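S.K.: Contents of work-v9.cif (mmCIF, C-alpha atoms) are below:
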data_model
loop_
_atom_site.label_atom_id
_atom_site.label_comp_id
_atom_site.auth_asym_id
_atom_site.auth_seq_id
_atom_site.Cartn_x
_atom_site.Cartn_y
_atom_site.Cartn_z
CA MET A 1384 11.41 -11.89 -56.24
CA LYS A 1385 9.48 -15.13 -56.17
CA LEU A 1386 7.67 -16.07 -52.93
CA SER A 1387 9.64 -19.29 -52.83
CA SER A 1388 12.85 -17.28 -52.46
CA ILE A 1389 11.78 -15.76 -49.09
CA ASN A 1390 13.52 -17.28 -46.11
CA PRO A 1391 10.71 -17.86 -43.54
CA THR A 1392 13.07 -17.51 -40.57
CA ALA A 1393 14.35 -14.17 -41.82
CA LEU A 1394 10.78 -13.00 -42.43
CA VAL A 1395 9.72 -13.79 -38.87
CA PHE A 1396 12.86 -12.11 -37.50
CA THR A 1397 12.13 -8.97 -39.53
CA LEU A 1398 8.52 -8.79 -38.33
CA VAL A 1399 9.53 -9.26 -34.69
CA SER A 1400 12.16 -6.54 -35.06
CA LEU A 1401 9.57 -4.17 -36.50
CA LEU A 1402 7.22 -4.82 -33.56
CA ALA A 1403 10.01 -4.12 -31.11
CA VAL A 1404 10.56 -0.59 -32.39
CA LEU A 1405 6.89 0.37 -32.46
CA PRO A 1406 5.89 2.58 -29.52
CA ALA A 1407 4.41 0.57 -26.67
CA THR A 1408 0.65 1.00 -26.69
CA ARG A 1409 -1.56 0.31 -23.71
CA ALA A 1410 -5.20 -0.65 -24.02
CA GLU A 1411 -7.53 2.20 -23.04
CA VAL A 1412 -9.31 1.71 -19.73
CA LYS A 1413 -12.95 0.78 -20.33
CA PRO A 1414 -15.77 3.08 -19.17
CA SER A 1415 -17.76 2.36 -16.02
CA PRO A 1416 -20.88 0.20 -16.67
CA ASN A 1417 -22.97 3.36 -16.08
CA GLY A 1418 -21.28 5.01 -19.07
CA ILE A 1419 -18.82 7.24 -17.25
CA ALA A 1420 -15.45 7.53 -19.02
CA PHE A 1421 -12.24 6.76 -17.14
CA PRO A 1422 -10.48 9.98 -16.03
CA LYS A 1423 -7.16 9.28 -17.71
CA GLY A 1424 -4.15 10.87 -16.04
CA TYR A 1425 -5.63 11.32 -12.55
CA GLN A 1426 -2.27 10.14 -11.16
CA ASN A 1427 -0.90 13.55 -12.10
CA TRP A 1428 -3.64 15.59 -10.45
CA ARG A 1429 -3.01 17.73 -7.38
CA ILE A 1430 -4.12 16.67 -3.93
CA ILE A 1431 -7.19 17.58 -1.92
CA SER A 1432 -6.47 15.45 1.17
CA MET A 1433 -5.69 11.94 2.44
CA SER A 1434 -7.10 9.49 4.96
CA HIS A 1435 -6.39 6.31 6.87
CA ARG A 1436 -9.44 4.08 7.39
CA THR A 1437 -8.68 2.15 10.54
CA ASP A 1438 -11.94 0.19 10.12
CA ASN A 1439 -10.78 -1.58 6.96
CA ASN A 1440 -6.99 -1.12 7.07
CA THR A 1441 -6.65 1.03 3.97
CA VAL A 1442 -5.02 4.38 3.24
CA ARG A 1443 -6.17 6.91 0.67
CA ILE A 1444 -5.08 10.00 -1.21
CA ILE A 1445 -7.87 12.21 -2.51
CA PHE A 1446 -6.98 13.92 -5.78
CA GLY A 1447 -8.84 16.69 -7.59
CA ASN A 1448 -8.86 17.86 -11.18
CA ASP A 1449 -8.07 21.56 -11.73
CA VAL A 1450 -11.69 22.65 -11.21
CA ALA A 1451 -11.88 20.73 -7.92
CA VAL A 1452 -8.51 21.94 -6.60
CA LYS A 1453 -9.39 25.55 -7.40
CA ALA A 1454 -12.70 25.20 -5.53
CA ALA A 1455 -11.07 23.39 -2.59
CA ARG A 1456 -8.39 26.04 -2.15
CA ALA A 1457 -10.97 28.83 -2.36
CA GLY A 1458 -13.16 27.07 0.21
CA LYS A 1459 -16.04 26.81 -2.27
CA THR A 1460 -17.04 23.19 -1.83
CA ASN A 1461 -20.67 23.21 -0.77
CA PRO A 1462 -21.70 22.74 -3.46
CA TRP A 1463 -18.65 21.79 -5.48
CA PRO A 1464 -18.74 23.47 -8.93
CA ASP A 1465 -19.82 21.67 -12.09
CA GLY A 1466 -16.77 20.16 -13.77
CA ALA A 1467 -15.11 19.17 -10.49
CA ILE A 1468 -13.83 15.61 -10.31
CA LEU A 1469 -12.69 14.05 -7.05
CA GLY A 1470 -10.60 10.88 -7.16
CA LYS A 1471 -9.93 8.66 -4.18
CA VAL A 1472 -7.05 6.23 -4.57
CA VAL A 1473 -7.07 3.35 -2.11
CA TRP A 1474 -4.21 1.11 -1.00
CA LYS A 1475 -3.98 -1.70 1.52
CA GLN A 1476 -2.05 -0.46 4.53
CA THR A 1477 1.27 -1.75 5.80
CA ASN A 1478 3.90 -0.64 8.29
CA ALA A 1479 6.88 1.31 7.01
CA SER A 1480 9.92 -0.97 6.85
CA HIS A 1481 12.15 1.33 8.93
CA TRP A 1482 9.57 3.10 11.10
CA LYS A 1483 7.13 0.45 12.23
CA LYS A 1484 4.61 2.84 13.74
CA ALA A 1485 4.14 4.63 10.43
CA ILE A 1486 1.26 3.30 8.31
CA VAL A 1487 1.97 3.56 4.58
CA PRO A 1488 0.49 2.37 1.24
CA ASP A 1489 0.98 -1.25 0.23
CA LYS A 1490 -0.92 -2.96 -2.60
CA PHE A 1491 -3.06 -0.75 -4.87
CA VAL A 1492 -6.76 -1.55 -4.38
CA HIS A 1493 -8.79 0.77 -6.61
CA ALA A 1494 -9.49 4.34 -7.66
CA GLU A 1495 -12.99 5.75 -7.30
CA PHE A 1496 -14.35 9.03 -8.59
CA MET A 1497 -17.14 11.58 -8.23
CA PHE A 1498 -17.88 13.73 -11.31
CA LYS A 1499 -19.89 16.89 -10.56
CA ASP A 1500 -22.49 17.90 -13.14
CA SER A 1501 -25.64 19.15 -11.48
CA LYS A 1502 -27.73 18.74 -14.65
CA LYS A 1503 -26.32 15.61 -16.26
CA TYR A 1504 -26.28 13.72 -12.97
CA ALA A 1505 -29.34 15.34 -11.36
CA LYS A 1506 -30.86 11.92 -10.62
CA THR A 1507 -27.81 10.87 -8.56
CA TYR A 1508 -27.56 14.06 -6.48
CA GLY A 1509 -25.49 16.02 -8.99
CA TRP A 1510 -22.62 13.54 -9.14
CA GLY A 1511 -21.55 10.78 -11.47
CA TRP A 1512 -20.08 7.88 -9.50
CA ALA A 1513 -17.60 5.28 -10.71
CA ARG A 1514 -14.81 2.98 -9.59
CA TRP A 1515 -12.04 1.10 -11.40
CA LYS A 1516 -10.48 -1.86 -9.59
CA GLY A 1517 -6.90 -3.04 -9.32
CA MET A 1518 -3.78 -2.28 -11.30
CA GLU A 1519 -5.68 -3.47 -14.39
CA GLN A 1520 -8.28 -0.71 -13.70
CA LYS A 1521 -11.28 -2.92 -14.33
CA PRO A 1522 -14.66 -1.11 -14.33
CA TYR A 1523 -16.61 -1.92 -11.16
CA GLY A 1524 -20.26 -2.82 -10.66
CA ASN A 1525 -23.15 -2.48 -13.05
CA ALA A 1526 -25.27 0.26 -14.65
CA THR A 1527 -26.72 1.23 -11.27
CA VAL A 1528 -23.40 1.30 -9.39
CA ALA A 1529 -24.23 4.81 -8.11
CA LYS A 1530 -26.80 3.29 -5.73
CA GLU A 1531 -24.09 1.56 -3.75
CA CYS A 1532 -21.92 4.72 -3.65
CA ILE A 1533 -24.83 6.91 -2.58
CA ALA A 1534 -25.90 4.51 0.17
CA CYS A 1535 -22.46 4.85 1.76
CA HIS A 1536 -22.25 8.62 1.20
CA THR A 1537 -25.66 9.41 2.71
CA PRO A 1538 -24.16 10.59 6.05
CA VAL A 1539 -22.58 13.50 4.14
CA LYS A 1540 -25.59 14.50 2.00
CA ASN A 1541 -25.45 17.97 3.59
CA ASN A 1542 -21.79 18.26 2.59
CA ASP A 1543 -22.68 17.91 -1.11
CA TRP A 1544 -22.28 14.14 -0.65
CA VAL A 1545 -18.51 14.43 -0.12
CA PHE A 1546 -16.68 12.97 2.90
CA THR A 1547 -13.43 14.79 2.17
CA LYS A 1548 -12.70 18.10 3.84
CA PRO A 1549 -9.79 19.67 1.93
CA ALA A 1550 -6.52 19.56 3.88
CA VAL A 1551 -5.30 22.98 5.01
CA LEU A 1552 -2.19 24.20 3.19
CA PRO A 1553 -0.39 27.55 3.15
CA LYS A 1554 -1.19 29.40 -0.08
CA PRO A 1555 1.42 28.70 -2.78
CA MET W 726 -0.73 74.21 -6.57
CA LYS W 727 0.78 75.35 -3.29
CA LEU W 728 1.50 72.74 -0.63
CA SER W 729 -0.71 74.64 1.80
CA SER W 730 -3.68 74.02 -0.49
CA ILE W 731 -3.53 70.21 -0.04
CA ASN W 732 -6.18 68.81 2.25
CA PRO W 733 -4.29 66.32 4.51
CA THR W 734 -7.38 64.18 5.06
CA ALA W 735 -8.03 63.89 1.32
CA LEU W 736 -4.37 63.02 0.73
CA VAL W 737 -4.46 60.14 3.24
CA PHE W 738 -7.75 58.91 1.78
CA THR W 739 -6.25 58.90 -1.71
CA LEU W 740 -3.16 57.01 -0.62
CA VAL W 741 -5.18 54.38 1.24
CA SER W 742 -7.43 53.95 -1.80
CA LEU W 743 -4.39 53.43 -4.01
CA LEU W 744 -3.05 50.75 -1.67
CA ALA W 745 -6.40 48.98 -1.70
CA VAL W 746 -6.35 48.50 -5.46
CA LEU W 747 -2.76 47.29 -5.65
CA PRO W 748 -2.55 43.51 -6.10
CA ALA W 749 -2.20 41.70 -2.80
CA THR W 750 1.43 40.79 -2.29
CA ARG W 751 2.60 38.14 0.12
CA ALA W 752 5.98 38.31 1.77
CA GLU W 753 8.39 35.76 0.30
CA VAL W 754 9.13 32.83 2.60
CA LYS W 755 12.60 33.22 4.12
CA PRO W 756 15.35 30.68 3.35
CA SER W 757 16.31 27.98 5.84
CA PRO W 758 19.11 29.07 8.26
CA ASN W 759 21.44 26.73 6.32
CA GLY W 760 20.89 28.82 3.18
CA ILE W 761 18.42 26.57 1.36
CA ALA W 762 15.72 28.51 -0.52
CA PHE W 763 12.05 27.74 0.11
CA PRO W 764 10.60 25.54 -2.68
CA LYS W 765 7.77 27.84 -3.66
CA GLY W 766 4.72 26.15 -5.11
CA TYR W 767 5.27 22.66 -3.64
CA GLN W 768 1.52 22.57 -2.91
CA ASN W 769 1.00 21.99 -6.63
CA TRP W 770 3.51 19.16 -6.97
CA ARG W 771 2.44 15.59 -7.69
CA ILE W 772 2.43 12.92 -5.01
CA ILE W 773 4.97 10.24 -4.14
CA SER W 774 3.13 8.70 -1.18
CA MET W 775 1.50 9.38 2.22
CA SER W 776 1.79 8.12 5.77
CA HIS W 777 0.13 8.09 9.16
CA ARG W 778 2.53 8.20 12.09
CA THR W 779 0.69 6.51 14.91
CA ASP W 780 3.57 7.29 17.29
CA ASN W 781 3.02 11.04 17.19
CA ASN W 782 -0.54 11.34 15.83
CA THR W 783 0.29 13.05 12.57
CA VAL W 784 -0.54 12.36 8.93
CA ARG W 785 1.61 13.21 5.93
CA ILE W 786 1.56 13.56 2.18
CA ILE W 787 4.90 13.19 0.43
CA PHE W 788 5.19 15.36 -2.67
CA GLY W 789 7.88 15.33 -5.34
CA ASN W 790 9.02 17.88 -7.88
CA ASP W 791 9.01 16.74 -11.52
CA VAL W 792 12.49 15.19 -11.30
CA ALA W 793 11.51 13.23 -8.19
CA VAL W 794 8.15 12.05 -9.56
CA LYS W 795 9.77 10.88 -12.80
CA ALA W 796 12.36 8.91 -10.84
CA ALA W 797 9.77 7.47 -8.44
CA ARG W 798 7.54 6.26 -11.26
CA ALA W 799 10.49 4.72 -13.09
CA GLY W 800 11.61 2.96 -9.91
CA LYS W 801 14.95 4.77 -9.99
CA THR W 802 15.23 5.96 -6.40
CA ASN W 803 18.41 4.44 -5.02
CA PRO W 804 20.01 6.82 -5.47
CA TRP W 805 17.48 9.54 -6.31
CA PRO W 806 18.74 11.70 -9.20
CA ASP W 807 20.31 15.13 -8.70
CA GLY W 808 17.61 17.78 -8.89
CA ALA W 809 15.02 15.67 -7.08
CA ILE W 810 13.17 17.40 -4.26
CA LEU W 811 10.99 15.49 -1.82
CA GLY W 812 8.52 17.41 0.34
CA LYS W 813 6.74 15.98 3.35
CA VAL W 814 3.72 17.94 4.54
CA VAL W 815 2.63 17.16 8.09
CA TRP W 816 -0.73 17.72 9.76
CA LYS W 817 -2.05 16.89 13.21
CA GLN W 818 -4.48 14.00 12.89
CA THR W 819 -8.18 14.05 13.67
CA ASN W 820 -11.16 11.78 13.10
CA ALA W 821 -13.34 12.46 10.06
CA SER W 822 -16.55 14.15 11.17
CA HIS W 823 -18.85 11.60 9.49
CA TRP W 824 -16.67 8.48 9.55
CA LYS W 825 -15.09 8.36 12.97
CA LYS W 826 -12.70 5.52 12.20
CA ALA W 827 -11.10 7.48 9.36
CA ILE W 828 -8.02 9.49 10.38
CA VAL W 829 -7.67 12.71 8.38
CA PRO W 830 -5.59 15.93 8.38
CA ASP W 831 -6.37 18.60 10.97
CA LYS W 832 -4.09 21.56 11.74
CA PHE W 833 -1.11 22.13 9.42
CA VAL W 834 2.17 21.49 11.29
CA HIS W 835 5.05 22.01 8.86
CA ALA W 836 6.55 21.13 5.50
CA GLU W 837 10.02 19.59 5.34
CA PHE W 838 12.17 18.93 2.32
CA MET W 839 15.13 16.97 0.99
CA PHE W 840 16.99 18.49 -1.99
CA LYS W 841 19.21 16.05 -3.90
CA ASP W 842 22.53 17.39 -5.18
CA SER W 843 25.29 14.85 -4.73
CA LYS W 844 28.04 17.46 -5.19
CA LYS W 845 26.63 20.56 -3.51
CA TYR W 846 25.43 18.60 -0.49
CA ALA W 847 28.18 15.95 -0.41
CA LYS W 848 28.87 16.70 3.26
CA THR W 849 25.28 15.89 4.25
CA TYR W 850 25.02 12.61 2.30
CA GLY W 851 24.00 14.20 -1.00
CA TRP W 852 20.92 15.95 0.32
CA GLY W 853 20.07 19.46 1.46
CA TRP W 854 17.68 19.34 4.42
CA ALA W 855 15.23 22.02 5.51
CA ARG W 856 11.91 22.57 7.25
CA TRP W 857 9.46 25.46 7.39
CA LYS W 858 7.03 25.55 10.31
CA GLY W 859 3.37 26.45 10.52
CA MET W 860 1.03 28.30 8.20
CA GLU W 861 3.45 31.25 8.41
CA GLN W 862 6.18 28.93 6.99
CA LYS W 863 8.86 30.02 9.43
CA PRO W 864 12.35 28.62 8.75
CA TYR W 865 13.27 25.96 11.32
CA GLY W 866 16.45 25.36 13.27
CA ASN W 867 19.90 26.82 12.71
CA ALA W 868 22.75 26.57 10.21
CA THR W 869 23.41 22.94 11.18
CA VAL W 870 19.76 21.82 11.04
CA ALA W 871 20.78 18.92 8.78
CA LYS W 872 22.38 17.17 11.78
CA GLU W 873 18.98 16.70 13.40
CA CYS W 874 17.40 15.47 10.13
CA ILE W 875 20.24 13.04 9.45
CA ALA W 876 20.16 11.61 12.97
CA CYS W 877 16.51 10.64 12.46
CA HIS W 878 17.07 9.37 8.88
CA THR W 879 20.04 7.14 9.74
CA PRO W 880 17.94 3.93 9.73
CA VAL W 881 17.40 4.47 5.99
CA LYS W 882 20.97 5.36 5.00
CA ASN W 883 20.98 2.37 2.63
CA ASN W 884 17.82 3.68 1.00
CA ASP W 885 19.58 6.93 -0.03
CA TRP W 886 18.46 8.37 3.34
CA VAL W 887 14.78 8.37 2.31
CA PHE W 888 12.02 6.75 4.38
CA THR W 889 9.40 7.03 1.65
CA LYS W 890 8.79 4.13 -0.70
CA PRO W 891 6.79 5.52 -3.66
CA ALA W 892 3.16 4.39 -3.59
CA VAL W 893 2.22 2.00 -6.38
CA LEU W 894 -0.08 3.50 -9.03
CA PRO W 895 -1.23 2.23 -12.41
CA LYS W 896 0.67 4.04 -15.15
CA PRO W 897 -1.22 7.12 -16.40
#
Would you mind writing the file out in structure tokens?
M.R.:
Amino acid sequence: MKLSSINPTALVFTLVSLLAVLPATRAEVKPSPNGIAFPKGYQNWRIISMSHRTDNNTVRIIFGNDVAVKAARAGKTNPWPDGAILGKVVWKQTNASHWKKAIVPDKFVHAEFMFKDSKKYAKTYGWGWARWKGMEQKPYGNATVAKECIACHTPVKNNDWVFTKPAVLPKP
Amino acid sequence: MKLSSINPTALVFTLVSLLAVLPATRAEVKPSPNGIAFPKGYQNWRIISMSHRTDNNTVRIIFGNDVAVKAARAGKTNPWPDGAILGKVVWKQTNASHWKKAIVPDKFVHAEFMFKDSKKYAKTYGWGWARWKGMEQKPYGNATVAKECIACHTPVKNNDWVFTKPAVLPKP
């Protein structure tokens, strides 16, 4: 077949059709500027607790990876074990449409994480700290982002730097 | 060995020792008075959303079984699919010890559930309704407990009887 015999319209149509059947791929979320990798799949983790911050009108669910949930449910959280990851997902608050006095999640704000590794992160009190902003999950801050996190978490330095007290649940 | 040669004290000691090494068993949670079985293991389900009811000072996490979470994340919740179970876990609210303006879970109150089966539960709008109270998970109400649930959920009858709007999350 000579090149001149190819119908350009048909060629474009074929290429577009091929693209349409390829599996949808999503760009990987970039690491935090301090080098911490994004904890892919945290949306499927189990829960540790939740909160409603009335000082900035946001609501939160605190997730844990398996190591963190196991520690939380055994009451072994001071210190949290190496390998534990805590994830706090933050939404703007709104009122429930059919129960106005119920405060519920509205727009997604960000997800922020603490990664426990007492050796690797010894200089930042045993935790790696990172945040990804918005639905696009854009890495937040710069290489020294932990400073800002630690400044805010200082009131709970005797609680292994963690605000969250695991919510009480009957044993499964 | 004759029976008279058995030392009763030693026998009791042996039996107690045997009991001590048996694995700890927990009594199964009893079904709801309307016959609905307790959804064992809901504490490990993924989340749908959360809420803070400022009218009765409680906070809640809304869990879903796999069918419910899949539907929630695909935006297919009106109606919810058969097989979906929604679980709402309720705690008394308190203020976080080191961030007073954050409202967080205190004492566990109860866990209440909606079980979607449009045929089996056709008489109660396609849902089975049940609640288990307290850390002891005591079945609540009587055989017609659904009446009380439905009365409260009537404002959301056009939302397949569900108050909860799934919280927005980036796709995992």
S.K.: Using all atoms listed in the file, pick whichever of A:Ala1467, A:Lys1484, A:Trp1515, A:Trp1544 has the shortest atom-to-atom distance to Val784 of chain W.
M.R.: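 Among the listed residues, the smallest separation from Val784 of chain W belongs to A:Lys1484.
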S.K.: Neighbours of Gly1509 of chain A within 10 Å (all atoms listed in the file; same-chain residues fewer than 4 positions away dropped), as a PDB file with C-alpha atoms, keeping the file's coordinate frame?
M.R.:
ATOM      1  CA  PRO A1462     -21.700  22.740  -3.460  1.00  0.00           C
ATOM      2  CA  TRP A1463     -18.650  21.790  -5.480  1.00  0.00           C
ATOM      3  CA  ASP A1465     -19.820  21.670 -12.090  1.00  0.00           C
ATOM      4  CA  MET A1497     -17.140  11.580  -8.230  1.00  0.00           C
ATOM      5  CA  PHE A1498     -17.880  13.730 -11.310  1.00  0.00           C
ATOM      6  CA  LYS A1499     -19.890  16.890 -10.560  1.00  0.00           C
ATOM      7  CA  ASP A1500     -22.490  17.900 -13.140  1.00  0.00           C
ATOM      8  CA  SER A1501     -25.640  19.150 -11.480  1.00  0.00           C
ATOM      9  CA  LYS A1502     -27.730  18.740 -14.650  1.00  0.00           C
ATOM     10  CA  LYS A1503     -26.320  15.610 -16.260  1.00  0.00           C
ATOM     11  CA  TYR A1504     -26.280  13.720 -12.970  1.00  0.00           C
ATOM     12  CA  ALA A1505     -29.340  15.340 -11.360  1.00  0.00           C
ATOM     13  CA  ASP A1543     -22.680  17.910  -1.110  1.00  0.00           C
ATOM     14  CA  TRP A1544     -22.280  14.140  -0.650  1.00  0.00           C
TER      15      TRP A1544
END
S.K.: What are the residues of chain W lining chain A at 6 Å or less? Count all atoms listed in the file, and put the answer as a list in words.
M.R.: Gly766, Asn769, Arg771, Ser776, His777, Arg778, Thr779, Asp780, Lys826, Ala827, Ile828, Val829, Pro830, Met860, Ala892, Pro895 and Pro897 of chain W
S.K.: Of the candidates W:Gly760, W:Glu837, W:Val887, W:Asp791, which shows the shortest atom-to-atom distance to Lys858 of chain W, using all atoms listed in the file?
M.R.: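 Of W:Gly760, W:Glu837, W:Val887, W:Asp791, the one nearest Lys858 of chain W is W:Glu837, counting all atoms listed in the file.
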S.K.: Determine, counting only C-alpha atoms, which protein, DNA and RNA residues have an atom within 8 Å of an atom of Ala1526 of chain A; residues of the same chain fewer than 4 positions away are not included. Present the result as JSON, numbers by chain.
M.R.: {"A": [1415, 1416, 1417, 1418]}
S.K.: Find the distance between atom CA of Lys1413 of chain A and atom CA of Trp1512 of chain A and write it in Å to one decimal.
M.R.: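 One can read the atom CA of Lys1413 of chain A to atom CA of Trp1512 of chain A distance as 14.8 Å.
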S.K.: For the atom pair atom CA of Ala1420 of chain A and atom CA of Thr1527 of chain A, what is the interatomic distance in Å to one decimal place?
M.R.: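 Rounded to one decimal, the two atoms are 15.1 Å apart.
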S.K.: For atom CA of Asn803 of chain W and atom CA of Tyr850 of chain W, determine how far apart the two atoms are, in Å to one decimal place.
M.R.: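 Pair atom CA of Asn803 of chain W / atom CA of Tyr850 of chain W returns 12.8 Å.
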